[in-house]
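> Once you've had a glance at the structure underneath, I'll fire off some questions.
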Amino acid sequence: MASFSSLVAIILSFIFLCSLAAANEVTVGGKSGDWRIPPSSSYSFTEWAQKARFKVGDFIVFRYEAGKDSVLQVTQEAYKSCNTTNPLANYTDGETKVKLDRSGPFYFISGVDGHCEKGQKLSLVVVSPRHKAFSPAPSPVEFEDGPSVAPAPTSGSARLGGGFAAVLGLVLGLWVWF
């Protein structure tokens with residue numbers, strides 16, 4: 001009986017630890033980032049996003065003042081033209097967390113008139129599940145009349161997160177076993 005419950009503990013530890021490493025929450029603009037008009041024309045939310053690798057299941061977090069700004073998830077065409085009518089989704093809560101639930105491009109703009117034209121917009125690419133942690137970054141993807149966007153490779157520590165969790169789960173499980 002003791003060995004069966006130890007085996008269950010090992011399996012549950014492994015599953016729990018692997019699930020912790022499965023998804024990331026990324027705040028737009030970085031640690032202290034805010035969803036607002038960029039401070040200069042040289043800053044781009046899209047260029048910031050190109051320095052990260054987003055995968056299916058990750059969350060992107062927008063922080064802004066509720067009632068004074070919003071986030072619209074839009075089509076590529078609406079992104080290019082800063083068109084705020086008919087968004088795919090409209091968020092106004094001030095702390096918006098969007099799950100990246102599929103691979104491919106995502107487009108976001110501010111819902112406040114004139115903000116998108118001043119650079120408050122973001123496009124990002126979510127890599128497909130077939131891109132394993134140790135595979136090279138995908139080739140740049142050309143969007144219709146849009147820029148070439150290639151997600152940046154992850155850091156070594158980020159790539160090893162799932163493997164580390166598996167090893168840690170195994171070690172903890174063996175410790176419980178003996």
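FYI, nothing fancy with the structure tokens labels: chains A, B, ... in order, residues from 1 per chain, ligands from 1 as they appear.
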Show which residues sit within 12 Å of Gly30 in chain A, as a list of chain:residue names. Count only C-alpha atoms, and ignore same-chain residues fewer than 5 positions away.

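The filter keeps A:Glu25, A:Trp35, A:Phe45, A:Glu47, A:Trp48, A:Ala49, A:Lys51, A:Ala52, A:Ile60, A:Val61, A:Phe62, A:Arg63.
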
> Please write the residues from the selection above to a file, keeping all heavy atoms, as a tab-separated table (two decimals), in the first residue's frame.


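As written to disk, out33.tsv reads:
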```tsv
chain	number	residue	atom	x	y	z
A	25	GLU	N	3.12	34.16	-18.20
A	25	GLU	CA	2.40	35.43	-18.25
A	25	GLU	C	3.42	36.49	-18.61
A	25	GLU	O	4.44	36.62	-17.93
A	25	GLU	CB	1.77	35.77	-16.90
A	25	GLU	CG	0.43	35.20	-16.70
A	25	GLU	CD	-0.28	35.76	-15.46
A	25	GLU	OE1	0.07	36.85	-14.98
A	25	GLU	OE2	-1.18	35.06	-14.99
A	35	TRP	N	0.44	49.78	-20.93
A	35	TRP	CA	-0.21	49.90	-22.23
A	35	TRP	C	-0.59	51.37	-22.38
A	35	TRP	O	-1.55	51.84	-21.79
A	35	TRP	CB	-1.43	48.99	-22.28
A	35	TRP	CG	-2.21	49.02	-23.55
A	35	TRP	CD1	-3.52	49.39	-23.68
A	35	TRP	CD2	-1.78	48.64	-24.86
A	35	TRP	NE1	-3.91	49.26	-24.97
A	35	TRP	CE2	-2.86	48.81	-25.74
A	35	TRP	CE3	-0.56	48.21	-25.38
A	35	TRP	CZ2	-2.78	48.54	-27.10
A	35	TRP	CZ3	-0.49	47.93	-26.73
A	35	TRP	CH2	-1.58	48.10	-27.58
A	45	PHE	N	5.90	48.60	-29.50
A	45	PHE	CA	5.47	47.41	-28.75
A	45	PHE	C	5.76	46.15	-29.57
A	45	PHE	O	6.11	45.11	-29.02
A	45	PHE	CB	3.98	47.48	-28.42
A	45	PHE	CG	3.66	48.44	-27.31
A	45	PHE	CD1	2.95	49.60	-27.55
A	45	PHE	CD2	4.06	48.19	-26.00
A	45	PHE	CE1	2.63	50.48	-26.54
A	45	PHE	CE2	3.77	49.06	-24.96
A	45	PHE	CZ	3.05	50.22	-25.24
A	47	GLU	N	8.24	45.69	-31.73
A	47	GLU	CA	9.66	45.37	-31.63
A	47	GLU	C	9.96	44.72	-30.27
A	47	GLU	O	10.77	43.81	-30.18
A	47	GLU	CB	10.52	46.62	-31.83
A	47	GLU	CG	10.55	47.07	-33.27
A	47	GLU	CD	11.36	48.33	-33.47
A	47	GLU	OE1	12.17	48.69	-32.58
A	47	GLU	OE2	11.17	48.97	-34.51
A	48	TRP	N	9.31	45.20	-29.21
A	48	TRP	CA	9.47	44.59	-27.90
A	48	TRP	C	9.03	43.12	-27.96
A	48	TRP	O	9.71	42.23	-27.45
A	48	TRP	CB	8.64	45.35	-26.85
A	48	TRP	CG	8.44	44.56	-25.60
A	48	TRP	CD1	9.30	44.42	-24.56
A	48	TRP	CD2	7.29	43.75	-25.30
A	48	TRP	NE1	8.76	43.58	-23.62
A	48	TRP	CE2	7.54	43.15	-24.05
A	48	TRP	CE3	6.10	43.47	-25.95
A	48	TRP	CZ2	6.62	42.29	-23.44
A	48	TRP	CZ3	5.20	42.61	-25.36
A	48	TRP	CH2	5.47	42.04	-24.12
A	49	ALA	N	7.89	42.85	-28.60
A	49	ALA	CA	7.34	41.49	-28.67
A	49	ALA	C	8.24	40.56	-29.47
A	49	ALA	O	8.28	39.35	-29.20
A	49	ALA	CB	5.94	41.51	-29.28
A	51	LYS	N	11.29	40.28	-29.24
A	51	LYS	CA	12.38	39.83	-28.39
A	51	LYS	C	11.95	38.67	-27.48
A	51	LYS	O	12.75	38.17	-26.70
A	51	LYS	CB	12.90	40.98	-27.55
A	51	LYS	CG	13.53	42.07	-28.39
A	51	LYS	CD	13.92	43.25	-27.55
A	51	LYS	CE	14.44	44.36	-28.45
A	51	LYS	NZ	14.59	45.62	-27.73
A	52	ALA	N	10.71	38.27	-27.57
A	52	ALA	CA	10.18	37.18	-26.75
A	52	ALA	C	9.64	36.09	-27.65
A	52	ALA	O	9.34	36.32	-28.81
A	52	ALA	CB	9.07	37.71	-25.83
A	60	ILE	N	-0.81	37.11	-22.32
A	60	ILE	CA	-0.23	38.44	-22.45
A	60	ILE	C	-1.07	39.37	-21.58
A	60	ILE	O	-2.29	39.28	-21.58
A	60	ILE	CB	-0.17	38.90	-23.92
A	60	ILE	CG1	0.53	40.25	-24.03
A	60	ILE	CG2	-1.49	38.98	-24.59
A	60	ILE	CD1	1.74	40.21	-24.90
A	61	VAL	N	-0.40	40.21	-20.78
A	61	VAL	CA	-1.09	41.06	-19.82
A	61	VAL	C	-0.90	42.52	-20.21
A	61	VAL	O	0.22	42.98	-20.43
A	61	VAL	CB	-0.53	40.82	-18.39
A	61	VAL	CG1	-1.25	41.71	-17.39
A	61	VAL	CG2	-0.66	39.35	-18.00
A	62	PHE	N	-2.01	43.22	-20.30
A	62	PHE	CA	-2.01	44.66	-20.59
A	62	PHE	C	-2.40	45.40	-19.32
A	62	PHE	O	-3.44	45.10	-18.72
A	62	PHE	CB	-3.05	44.99	-21.68
A	62	PHE	CG	-2.75	44.38	-23.03
A	62	PHE	CD1	-3.16	43.09	-23.33
A	62	PHE	CD2	-2.09	45.11	-24.00
A	62	PHE	CE1	-2.92	42.54	-24.57
A	62	PHE	CE2	-1.83	44.57	-25.25
A	62	PHE	CZ	-2.25	43.28	-25.53
A	63	ARG	N	-1.60	46.40	-18.92
A	63	ARG	CA	-1.91	47.23	-17.74
A	63	ARG	C	-2.14	48.65	-18.22
A	63	ARG	O	-1.28	49.23	-18.90
A	63	ARG	CB	-0.78	47.17	-16.73
A	63	ARG	CG	-0.66	45.81	-16.09
A	63	ARG	CD	0.24	45.82	-14.86
A	63	ARG	NE	0.18	44.52	-14.23
A	63	ARG	CZ	1.15	43.62	-14.31
A	63	ARG	NH1	2.26	43.90	-14.93
A	63	ARG	NH2	1.01	42.45	-13.72
```

> Go through A:Thr27, A:Ser42, A:Thr96, A:Ser70 one by one, measure the shortest atom-to-atom distance of each to Thr84 in chain A using only C-alpha atoms, and give the residue with the smallest value.

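Among A:Thr27, A:Ser42, A:Thr96, A:Ser70, it is A:Ser70 that comes nearest to Thr84 in chain A.
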
> State, in Å with one decimal place, the distance from CA of Pro87 in chain A to CA of Thr75 in chain A.

7.5 Å

> Can you list, as number ranges by chain, every protein, DNA or RNA residue that comes within 8 Å of range 105-121 of chain A when you count only C-alpha atoms, leaving out same-chain residues fewer than 2 positions away?

A: 35-38, 41, 44-46, 68-76, 79, 82, 84, 90, 103, 123-126

> Using the selection just defined, write its residues with N, CA and C atoms as a PDB file, in the first residue's frame.


```pdb
ATOM      1  N   TRP A  35       0.443  49.780 -20.934  1.00  0.00           N
ATOM      2  CA  TRP A  35      -0.211  49.900 -22.233  1.00  0.00           C
ATOM      3  C   TRP A  35      -0.585  51.368 -22.382  1.00  0.00           C
ATOM      4  N   ARG A  36       0.208  52.111 -23.125  1.00  0.00           N
ATOM      5  CA  ARG A  36       0.005  53.547 -23.325  1.00  0.00           C
ATOM      6  C   ARG A  36       0.720  53.972 -24.592  1.00  0.00           C
ATOM      7  N   ILE A  37       0.505  55.213 -24.990  1.00  0.00           N
ATOM      8  CA  ILE A  37       1.225  55.742 -26.149  1.00  0.00           C
ATOM      9  C   ILE A  37       2.718  55.686 -25.827  1.00  0.00           C
ATOM     10  N   PRO A  38       3.520  55.124 -26.718  1.00  0.00           N
ATOM     11  CA  PRO A  38       4.964  55.045 -26.444  1.00  0.00           C
ATOM     12  C   PRO A  38       5.564  56.440 -26.222  1.00  0.00           C
ATOM     13  N   SER A  41       8.823  58.037 -30.719  1.00  0.00           N
ATOM     14  CA  SER A  41       8.490  57.334 -31.959  1.00  0.00           C
ATOM     15  C   SER A  41       9.455  56.184 -32.234  1.00  0.00           C
ATOM     16  N   SER A  44       8.593  50.724 -30.058  1.00  0.00           N
ATOM     17  CA  SER A  44       7.503  49.979 -30.686  1.00  0.00           C
ATOM     18  C   SER A  44       7.168  48.758 -29.825  1.00  0.00           C
ATOM     19  N   PHE A  45       5.895  48.598 -29.496  1.00  0.00           N
ATOM     20  CA  PHE A  45       5.471  47.405 -28.752  1.00  0.00           C
ATOM     21  C   PHE A  45       5.759  46.146 -29.569  1.00  0.00           C
ATOM     22  N   THR A  46       5.622  46.247 -30.885  1.00  0.00           N
ATOM     23  CA  THR A  46       5.863  45.094 -31.742  1.00  0.00           C
ATOM     24  C   THR A  46       7.337  44.699 -31.710  1.00  0.00           C
ATOM     25  N   LYS A  68      -9.983  55.080 -19.042  1.00  0.00           N
ATOM     26  CA  LYS A  68      -9.259  56.058 -19.861  1.00  0.00           C
ATOM     27  C   LYS A  68      -8.592  55.423 -21.075  1.00  0.00           C
ATOM     28  N   ASP A  69      -8.512  54.104 -21.078  1.00  0.00           N
ATOM     29  CA  ASP A  69      -7.921  53.401 -22.211  1.00  0.00           C
ATOM     30  C   ASP A  69      -8.567  52.035 -22.312  1.00  0.00           C
ATOM     31  N   SER A  70      -8.223  51.303 -23.333  1.00  0.00           N
ATOM     32  CA  SER A  70      -8.739  49.951 -23.525  1.00  0.00           C
ATOM     33  C   SER A  70      -7.823  49.210 -24.474  1.00  0.00           C
ATOM     34  N   VAL A  71      -8.068  47.919 -24.622  1.00  0.00           N
ATOM     35  CA  VAL A  71      -7.325  47.072 -25.549  1.00  0.00           C
ATOM     36  C   VAL A  71      -8.335  46.440 -26.490  1.00  0.00           C
ATOM     37  N   LEU A  72      -8.073  46.535 -27.763  1.00  0.00           N
ATOM     38  CA  LEU A  72      -8.912  45.882 -28.766  1.00  0.00           C
ATOM     39  C   LEU A  72      -8.075  44.816 -29.463  1.00  0.00           C
ATOM     40  N   GLN A  73      -8.603  43.611 -29.524  1.00  0.00           N
ATOM     41  CA  GLN A  73      -7.980  42.584 -30.348  1.00  0.00           C
ATOM     42  C   GLN A  73      -8.635  42.697 -31.708  1.00  0.00           C
ATOM     43  N   VAL A  74      -7.813  42.833 -32.749  1.00  0.00           N
ATOM     44  CA  VAL A  74      -8.335  43.150 -34.077  1.00  0.00           C
ATOM     45  C   VAL A  74      -7.721  42.260 -35.155  1.00  0.00           C
ATOM     46  N   THR A  75      -8.235  42.395 -36.349  1.00  0.00           N
ATOM     47  CA  THR A  75      -7.684  41.696 -37.508  1.00  0.00           C
ATOM     48  C   THR A  75      -6.425  42.422 -37.980  1.00  0.00           C
ATOM     49  N   GLN A  76      -5.697  41.782 -38.871  1.00  0.00           N
ATOM     50  CA  GLN A  76      -4.500  42.403 -39.435  1.00  0.00           C
ATOM     51  C   GLN A  76      -4.858  43.701 -40.164  1.00  0.00           C
ATOM     52  N   TYR A  79      -5.538  46.394 -37.679  1.00  0.00           N
ATOM     53  CA  TYR A  79      -4.264  46.769 -37.069  1.00  0.00           C
ATOM     54  C   TYR A  79      -3.522  47.767 -37.963  1.00  0.00           C
ATOM     55  N   CYS A  82      -5.481  51.044 -38.086  1.00  0.00           N
ATOM     56  CA  CYS A  82      -5.905  51.555 -36.772  1.00  0.00           C
ATOM     57  C   CYS A  82      -7.420  51.733 -36.706  1.00  0.00           C
ATOM     58  N   THR A  84     -10.854  50.997 -35.181  1.00  0.00           N
ATOM     59  CA  THR A  84     -11.377  50.527 -33.892  1.00  0.00           C
ATOM     60  C   THR A  84     -12.798  49.979 -33.971  1.00  0.00           C
ATOM     61  N   ASN A  90     -12.945  43.297 -27.025  1.00  0.00           N
ATOM     62  CA  ASN A  90     -12.790  44.633 -26.448  1.00  0.00           C
ATOM     63  C   ASN A  90     -12.602  44.483 -24.942  1.00  0.00           C
ATOM     64  N   SER A 103      -1.649  29.136 -32.511  1.00  0.00           N
ATOM     65  CA  SER A 103      -0.420  29.642 -33.116  1.00  0.00           C
ATOM     66  C   SER A 103      -0.788  30.656 -34.196  1.00  0.00           C
ATOM     67  N   SER A 123       1.635  43.808 -32.440  1.00  0.00           N
ATOM     68  CA  SER A 123       1.430  42.545 -33.155  1.00  0.00           C
ATOM     69  C   SER A 123       2.466  41.573 -32.617  1.00  0.00           C
ATOM     70  N   LEU A 124       2.049  40.336 -32.441  1.00  0.00           N
ATOM     71  CA  LEU A 124       2.964  39.313 -31.955  1.00  0.00           C
ATOM     72  C   LEU A 124       2.644  38.004 -32.638  1.00  0.00           C
ATOM     73  N   VAL A 125       3.612  37.102 -32.615  1.00  0.00           N
ATOM     74  CA  VAL A 125       3.452  35.793 -33.249  1.00  0.00           C
ATOM     75  C   VAL A 125       3.591  34.715 -32.187  1.00  0.00           C
ATOM     76  N   VAL A 126       2.635  33.800 -32.168  1.00  0.00           N
ATOM     77  CA  VAL A 126       2.658  32.658 -31.261  1.00  0.00           C
ATOM     78  C   VAL A 126       3.157  31.461 -32.058  1.00  0.00           C
TER      79      VAL A 126
END
```

> Could you give me, as an MDAnalysis selection string, each residue of range 39-144 of chain A that DSSP assigns to strand (DSSP E or B) when run on this structure's backbone?

chainID A and resid 54:55 59:63 66 69 71:74 89:91 95:99 104:110 121:127 141:142

> Which residues are close to Glu65 in chain A, i.e. within 10 Å by only C-alpha atoms, leaving aside same-chain residues fewer than 6 positions away? Reply as a PyMOL selection string.

chain A and resi 34-36+92-95

> Excluding same-chain residues fewer than 6 positions from Lys99 in chain A, what lies within 8 Å of it counting only C-alpha atoms, as a ChimeraX atom specification?

/A:57-60

> Please, what distance in Å, to one decimal, runs between CA of Lys55 in chain A and CA of Ala23 in chain A?

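That distance, rounded to one decimal, is 7.9 Å.
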
> Please compute the CA of Leu100 in chain A-CA of Phe54 in chain A distance, one decimal, in Å.

8.0 Å
